[in-house]
$ cat my_file-v1.cif   # mmCIF, C-alpha atoms
data_target
loop_
_atom_site.group_PDB
_atom_site.id
_atom_site.type_symbol
_atom_site.label_atom_id
_atom_site.label_comp_id
_atom_site.auth_asym_id
_atom_site.auth_seq_id
_atom_site.Cartn_x
_atom_site.Cartn_y
_atom_site.Cartn_z
ATOM 1 C CA MET T 1 59.719 144.600 166.941
ATOM 2 C CA LYS T 2 61.251 146.924 169.510
ATOM 3 C CA ALA T 3 60.303 147.118 173.174
ATOM 4 C CA LYS T 4 61.026 149.839 175.684
ATOM 5 C CA VAL T 5 60.845 148.794 179.322
ATOM 6 C CA TYR T 6 60.688 151.244 182.227
ATOM 7 C CA VAL T 7 61.367 149.927 185.727
ATOM 8 C CA THR T 8 60.697 152.284 188.628
ATOM 9 C CA ILE T 9 60.868 151.893 192.379
ATOM 10 C CA LYS T 10 57.392 151.815 193.951
ATOM 11 C CA GLN T 11 56.191 155.086 195.449
ATOM 12 C CA SER T 12 56.040 153.565 198.941
ATOM 13 C CA VAL T 13 59.661 152.380 198.795
ATOM 14 C CA LEU T 14 62.584 154.644 199.711
ATOM 15 C CA ASP T 15 64.851 155.513 196.779
ATOM 16 C CA PRO T 16 68.283 156.344 198.250
ATOM 17 C CA GLN T 17 69.845 156.837 194.810
ATOM 18 C CA GLY T 18 67.191 159.422 193.969
ATOM 19 C CA VAL T 19 67.764 161.201 197.285
ATOM 20 C CA ALA T 20 71.519 161.302 196.580
ATOM 21 C CA VAL T 21 71.055 162.687 193.057
ATOM 22 C CA GLN T 22 68.581 165.267 194.346
ATOM 23 C CA GLY T 23 71.120 166.342 196.991
ATOM 24 C CA ALA T 24 73.801 166.669 194.323
ATOM 25 C CA LEU T 25 71.486 168.794 192.158
ATOM 26 C CA HIS T 26 70.706 171.049 195.127
ATOM 27 C CA SER T 27 74.391 171.536 195.835
ATOM 28 C CA LEU T 28 74.827 172.562 192.185
ATOM 29 C CA GLY T 29 72.140 175.219 192.620
ATOM 30 C CA PHE T 30 69.155 173.384 191.122
ATOM 31 C CA ASN T 31 66.940 174.099 194.103
ATOM 32 C CA GLU T 32 63.695 173.793 192.119
ATOM 33 C CA VAL T 33 63.999 169.992 192.196
ATOM 34 C CA GLU T 34 61.402 168.951 194.776
ATOM 35 C CA SER T 35 61.777 165.229 194.337
ATOM 36 C CA LEU T 36 63.654 162.839 192.092
ATOM 37 C CA ARG T 37 63.355 159.116 191.594
ATOM 38 C CA VAL T 38 65.753 156.964 189.623
ATOM 39 C CA GLY T 39 64.677 153.980 187.582
ATOM 40 C CA LYS T 40 65.942 151.767 184.796
ATOM 41 C CA TYR T 41 65.213 152.030 181.112
ATOM 42 C CA MET T 42 65.808 149.148 178.703
ATOM 43 C CA GLU T 43 65.556 148.961 174.937
ATOM 44 C CA LEU T 44 65.077 145.469 173.544
ATOM 45 C CA GLU T 45 65.281 144.456 169.929
ATOM 46 C CA LEU T 46 63.045 141.435 169.390
ATOM 47 C CA GLY T 47 62.971 139.221 166.319
ATOM 48 C CA ASP T 48 59.995 138.756 164.035
ATOM 49 C CA VAL T 49 57.152 138.388 166.511
ATOM 50 C CA SER T 50 53.618 139.719 166.474
ATOM 51 C CA GLN T 51 52.684 142.663 168.677
ATOM 52 C CA GLU T 52 50.500 140.434 170.841
ATOM 53 C CA ALA T 53 53.115 137.691 171.299
ATOM 54 C CA ALA T 54 55.783 140.323 172.006
ATOM 55 C CA GLY T 55 53.630 141.904 174.712
ATOM 56 C CA ASP T 56 53.182 138.585 176.478
ATOM 57 C CA ARG T 57 56.884 137.743 176.261
ATOM 58 C CA VAL T 58 58.094 141.141 177.454
ATOM 59 C CA LYS T 59 55.684 140.954 180.394
ATOM 60 C CA GLU T 60 57.129 137.532 181.256
ATOM 61 C CA MET T 61 60.701 138.877 181.012
ATOM 62 C CA CYS T 62 59.811 141.714 183.375
ATOM 63 C CA GLU T 63 58.210 139.389 185.899
ATOM 64 C CA LYS T 64 61.048 136.858 185.782
ATOM 65 C CA LEU T 65 64.160 139.001 185.489
ATOM 66 C CA LEU T 66 63.967 142.672 184.549
ATOM 67 C CA ALA T 67 61.985 143.955 187.521
ATOM 68 C CA ASN T 68 61.865 142.968 191.164
ATOM 69 C CA THR T 69 58.104 143.202 191.536
ATOM 70 C CA VAL T 70 58.305 143.268 195.333
ATOM 71 C CA VAL T 71 59.749 146.780 195.306
ATOM 72 C CA GLU T 72 59.569 147.840 191.661
ATOM 73 C CA ASP T 73 56.883 148.656 189.107
ATOM 74 C CA TYR T 74 57.375 148.200 185.383
ATOM 75 C CA ARG T 75 55.710 149.283 182.185
ATOM 76 C CA TYR T 76 56.597 148.719 178.576
ATOM 77 C CA GLU T 77 55.915 150.056 175.102
ATOM 78 C CA LEU T 78 56.082 148.140 171.841
ATOM 79 C CA GLU T 79 57.096 149.685 168.527
ATOM 80 C CA GLY T 80 57.185 148.610 164.926
ATOM 81 C CA MET D 81 56.017 170.719 186.348
ATOM 82 C CA LYS D 82 57.278 167.188 185.981
ATOM 83 C CA ALA D 83 60.267 166.084 183.910
ATOM 84 C CA LYS D 84 61.183 162.621 182.690
ATOM 85 C CA VAL D 85 64.822 162.144 181.762
ATOM 86 C CA TYR D 86 66.129 159.181 179.759
ATOM 87 C CA VAL D 87 69.879 158.544 179.721
ATOM 88 C CA THR D 88 71.169 155.913 177.311
ATOM 89 C CA ILE D 89 74.632 154.695 176.395
ATOM 90 C CA LYS D 90 75.661 155.867 172.915
ATOM 91 C CA GLN D 91 75.244 153.308 170.138
ATOM 92 C CA SER D 92 78.990 153.242 169.471
ATOM 93 C CA VAL D 93 79.818 152.448 173.109
ATOM 94 C CA LEU D 94 79.809 148.906 174.475
ATOM 95 C CA ASP D 95 77.093 148.232 177.065
ATOM 96 C CA PRO D 96 78.329 145.343 179.234
ATOM 97 C CA GLN D 97 75.265 145.501 181.505
ATOM 98 C CA GLY D 98 73.002 145.100 178.487
ATOM 99 C CA VAL D 99 75.065 142.156 177.237
ATOM 100 C CA ALA D 100 74.798 140.512 180.666
ATOM 101 C CA VAL D 101 71.025 140.993 180.877
ATOM 102 C CA GLN D 102 70.618 139.690 177.326
ATOM 103 C CA GLY D 103 72.639 136.593 178.254
ATOM 104 C CA ALA D 104 70.469 136.051 181.318
ATOM 105 C CA LEU D 105 67.301 136.358 179.203
ATOM 106 C CA HIS D 106 68.686 133.844 176.703
ATOM 107 C CA SER D 107 69.462 131.383 179.491
ATOM 108 C CA LEU D 108 65.846 131.763 180.644
ATOM 109 C CA GLY D 109 64.640 130.838 177.162
ATOM 110 C CA PHE D 110 63.918 134.295 175.755
ATOM 111 C CA ASN D 111 65.925 133.671 172.602
ATOM 112 C CA GLU D 112 64.014 136.252 170.559
ATOM 113 C CA VAL D 113 65.967 139.065 172.243
ATOM 114 C CA GLU D 114 68.452 140.159 169.565
ATOM 115 C CA SER D 115 69.930 143.068 171.450
ATOM 116 C CA LEU D 116 69.334 144.877 174.707
ATOM 117 C CA ARG D 117 70.685 148.133 176.046
ATOM 118 C CA VAL D 118 70.272 149.398 179.584
ATOM 119 C CA GLY D 119 69.851 153.048 180.445
ATOM 120 C CA LYS D 120 68.656 155.228 183.275
ATOM 121 C CA TYR D 121 65.272 156.793 183.745
ATOM 122 C CA MET D 122 64.649 159.671 186.128
ATOM 123 C CA GLU D 123 61.445 161.392 187.196
ATOM 124 C CA LEU D 124 61.903 164.897 188.558
ATOM 125 C CA GLU D 125 59.285 166.985 190.291
ATOM 126 C CA LEU D 126 60.057 170.643 189.679
ATOM 127 C CA GLY D 127 58.485 173.591 191.443
ATOM 128 C CA ASP D 128 56.397 176.290 189.765
ATOM 129 C CA VAL D 129 58.434 177.016 186.659
ATOM 130 C CA SER D 130 57.377 177.724 183.091
ATOM 131 C CA GLN D 131 57.727 175.020 180.449
ATOM 132 C CA GLU D 132 60.480 176.997 178.711
ATOM 133 C CA ALA D 133 62.497 177.698 181.864
ATOM 134 C CA ALA D 134 62.100 174.059 182.959
ATOM 135 C CA GLY D 135 63.457 172.834 179.621
ATOM 136 C CA ASP D 136 66.568 174.983 179.938
ATOM 137 C CA ARG D 137 67.148 173.932 183.523
ATOM 138 C CA VAL D 138 66.668 170.209 182.903
ATOM 139 C CA LYS D 139 69.060 170.396 179.945
ATOM 140 C CA GLU D 140 71.623 172.057 182.222
ATOM 141 C CA MET D 141 71.117 169.345 184.889
ATOM 142 C CA CYS D 142 71.699 166.645 182.265
ATOM 143 C CA GLU D 143 74.865 168.297 180.952
ATOM 144 C CA LYS D 144 76.276 168.925 184.428
ATOM 145 C CA LEU D 145 75.302 165.847 186.390
ATOM 146 C CA LEU D 146 72.683 163.422 185.131
ATOM 147 C CA ALA D 147 74.422 162.237 181.954
ATOM 148 C CA ASN D 148 78.047 161.683 181.068
ATOM 149 C CA THR D 149 77.855 163.195 177.602
ATOM 150 C CA VAL D 150 81.122 161.578 176.517
ATOM 151 C CA VAL D 151 79.539 158.137 176.445
ATOM 152 C CA GLU D 152 75.843 158.788 177.052
ATOM 153 C CA ASP D 153 72.943 160.432 175.236
ATOM 154 C CA TYR D 154 70.001 161.979 177.021
ATOM 155 C CA ARG D 155 66.528 163.163 176.215
ATOM 156 C CA TYR D 156 63.768 164.555 178.366
ATOM 157 C CA GLU D 157 60.035 165.173 178.367
ATOM 158 C CA LEU D 158 58.165 167.843 180.297
ATOM 159 C CA GLU D 159 54.654 167.399 181.641
ATOM 160 C CA GLY D 160 52.078 169.580 183.282
#
$ encode --input "my_file-v1.cif" --output "structure tokens"
Amino acid sequence: MKAKVYVTIKQSVLDPQGVAVQGALHSLGFNEVESLRVGKYMELELGDVSQEAAGDRVKEMCEKLLANTVVEDYRYELEG
Amino acid sequence: MKAKVYVTIKQSVLDPQGVAVQGALHSLGFNEVESLRVGKYMELELGDVSQEAAGDRVKEMCEKLLANTVVEDYRYELEG
């Protein structure tokens, strides 16, 4: 079972890294970039667990460690 | 037009951040995690551009700034 976890900064929270990257893109001539937000992407290889059990465990991992739920949102996908 | 960019460390390259997160998950009792790799995830809001033009431009952004193609892979999705 494989899990893909996406952690993004909440819309209401300032994303200074995104602002910096957007500024760098503008200075390279990519002026069509109106906004940019940076998040984290994690690929986890899980052992032999059922889809349902994996979902519960990945959710727990996100809540406990992978995401700071005060300022970040997360979502995940399970495969295989 | 919205673009989602995923930047991941190449399989052949060591990912110390992933190793650290995996260790932290193990110490929290999530022993089913067999491997974990950490990447970056970026959401870009582009102006009024065609799907085709956006694809070319996002590819150029990845090559020039968003990914270090020596050690990282990237992929992107376009929406709307």
$ atom_distance --input "my_file-v1.cif" --atom1 "CA of Ser50 (chain T)" --atom2 "CA of Leu116 (chain D)"
18.5 Å
$ atom_distance --input "my_file-v1.cif" --atom1 "CA of His26 (chain T)" --atom2 "CA of Glu159 (chain D)"
21.3 Å
$ calpha_fit_and_write --input "my_file-v1.cif" --fixed "chain T" --moving "chain D" --output "compact mmCIF listing (two decimals) with C-alpha atoms, in the frame of the given file"
# COMPACT_ATOMS: atom_id res chain seq x y z
CA MET D 81 59.70 144.62 166.93
CA LYS D 82 61.24 146.91 169.49
CA ALA D 83 60.30 147.11 173.17
CA LYS D 84 61.03 149.85 175.68
CA VAL D 85 60.85 148.80 179.31
CA TYR D 86 60.70 151.25 182.22
CA VAL D 87 61.37 149.93 185.73
CA THR D 88 60.70 152.29 188.62
CA ILE D 89 60.87 151.90 192.38
CA LYS D 90 57.39 151.81 193.95
CA GLN D 91 56.19 155.08 195.46
CA SER D 92 56.04 153.56 198.94
CA VAL D 93 59.67 152.39 198.79
CA LEU D 94 62.58 154.65 199.70
CA ASP D 95 64.87 155.51 196.78
CA PRO D 96 68.29 156.34 198.25
CA GLN D 97 69.85 156.85 194.81
CA GLY D 98 67.20 159.42 193.97
CA VAL D 99 67.77 161.20 197.29
CA ALA D 100 71.51 161.31 196.59
CA VAL D 101 71.06 162.69 193.07
CA GLN D 102 68.58 165.27 194.35
CA GLY D 103 71.11 166.36 196.99
CA ALA D 104 73.80 166.67 194.33
CA LEU D 105 71.48 168.79 192.15
CA HIS D 106 70.69 171.04 195.12
CA SER D 107 74.39 171.53 195.84
CA LEU D 108 74.82 172.55 192.19
CA GLY D 109 72.13 175.20 192.62
CA PHE D 110 69.15 173.38 191.12
CA ASN D 111 66.93 174.09 194.11
CA GLU D 112 63.70 173.78 192.12
CA VAL D 113 63.99 169.98 192.20
CA GLU D 114 61.40 168.93 194.79
CA SER D 115 61.77 165.21 194.35
CA LEU D 116 63.64 162.84 192.10
CA ARG D 117 63.36 159.11 191.59
CA VAL D 118 65.76 156.97 189.61
CA GLY D 119 64.68 153.98 187.57
CA LYS D 120 65.94 151.77 184.79
CA TYR D 121 65.23 152.02 181.11
CA MET D 122 65.82 149.15 178.71
CA GLU D 123 65.57 148.96 174.93
CA LEU D 124 65.08 145.47 173.55
CA GLU D 125 65.29 144.44 169.92
CA LEU D 126 63.05 141.43 169.39
CA GLY D 127 62.98 139.21 166.33
CA ASP D 128 59.98 138.76 164.03
CA VAL D 129 57.15 138.38 166.51
CA SER D 130 53.61 139.71 166.47
CA GLN D 131 52.67 142.67 168.66
CA GLU D 132 50.49 140.44 170.85
CA ALA D 133 53.10 137.70 171.31
CA ALA D 134 55.78 140.33 172.01
CA GLY D 135 53.63 141.90 174.73
CA ASP D 136 53.18 138.57 176.50
CA ARG D 137 56.86 137.74 176.25
CA VAL D 138 58.09 141.14 177.46
CA LYS D 139 55.69 140.95 180.41
CA GLU D 140 57.12 137.53 181.26
CA MET D 141 60.70 138.88 181.00
CA CYS D 142 59.81 141.72 183.38
CA GLU D 143 58.20 139.38 185.92
CA LYS D 144 61.05 136.87 185.78
CA LEU D 145 64.15 139.00 185.49
CA LEU D 146 63.97 142.67 184.55
CA ALA D 147 61.98 143.96 187.53
CA ASN D 148 61.87 142.97 191.17
CA THR D 149 58.11 143.20 191.53
CA VAL D 150 58.30 143.29 195.33
CA VAL D 151 59.75 146.79 195.30
CA GLU D 152 59.57 147.85 191.66
CA ASP D 153 56.89 148.67 189.10
CA TYR D 154 57.37 148.21 185.38
CA ARG D 155 55.72 149.29 182.18
CA TYR D 156 56.62 148.72 178.57
CA GLU D 157 55.92 150.06 175.10
CA LEU D 158 56.09 148.14 171.83
CA GLU D 159 57.10 149.69 168.53
CA GLY D 160 57.19 148.61 164.94
$ interface_residues --input "my_file-v1.cif" --of "chain D" --to "chain T" --cutoff "7 Å" --atoms "all atoms listed in the file" --output "JSON, numbers by chain"
{"D": [112, 113, 114, 115, 116, 117, 118, 119, 120, 121, 122, 123, 124, 125, 126, 127]}
$ atom_distance --input "my_file-v1.cif" --atom1 "CA of Arg75 (chain T)" --atom2 "CA of Gly103 (chain D)"
21.5 Å
$ closest_residue --input "my_file-v1.cif" --among "T:Pro16, T:Lys10, T:Ala53, T:Gly80" --to "Ala67 (chain T)" --atoms "only C-alpha atoms"
T:Lys10
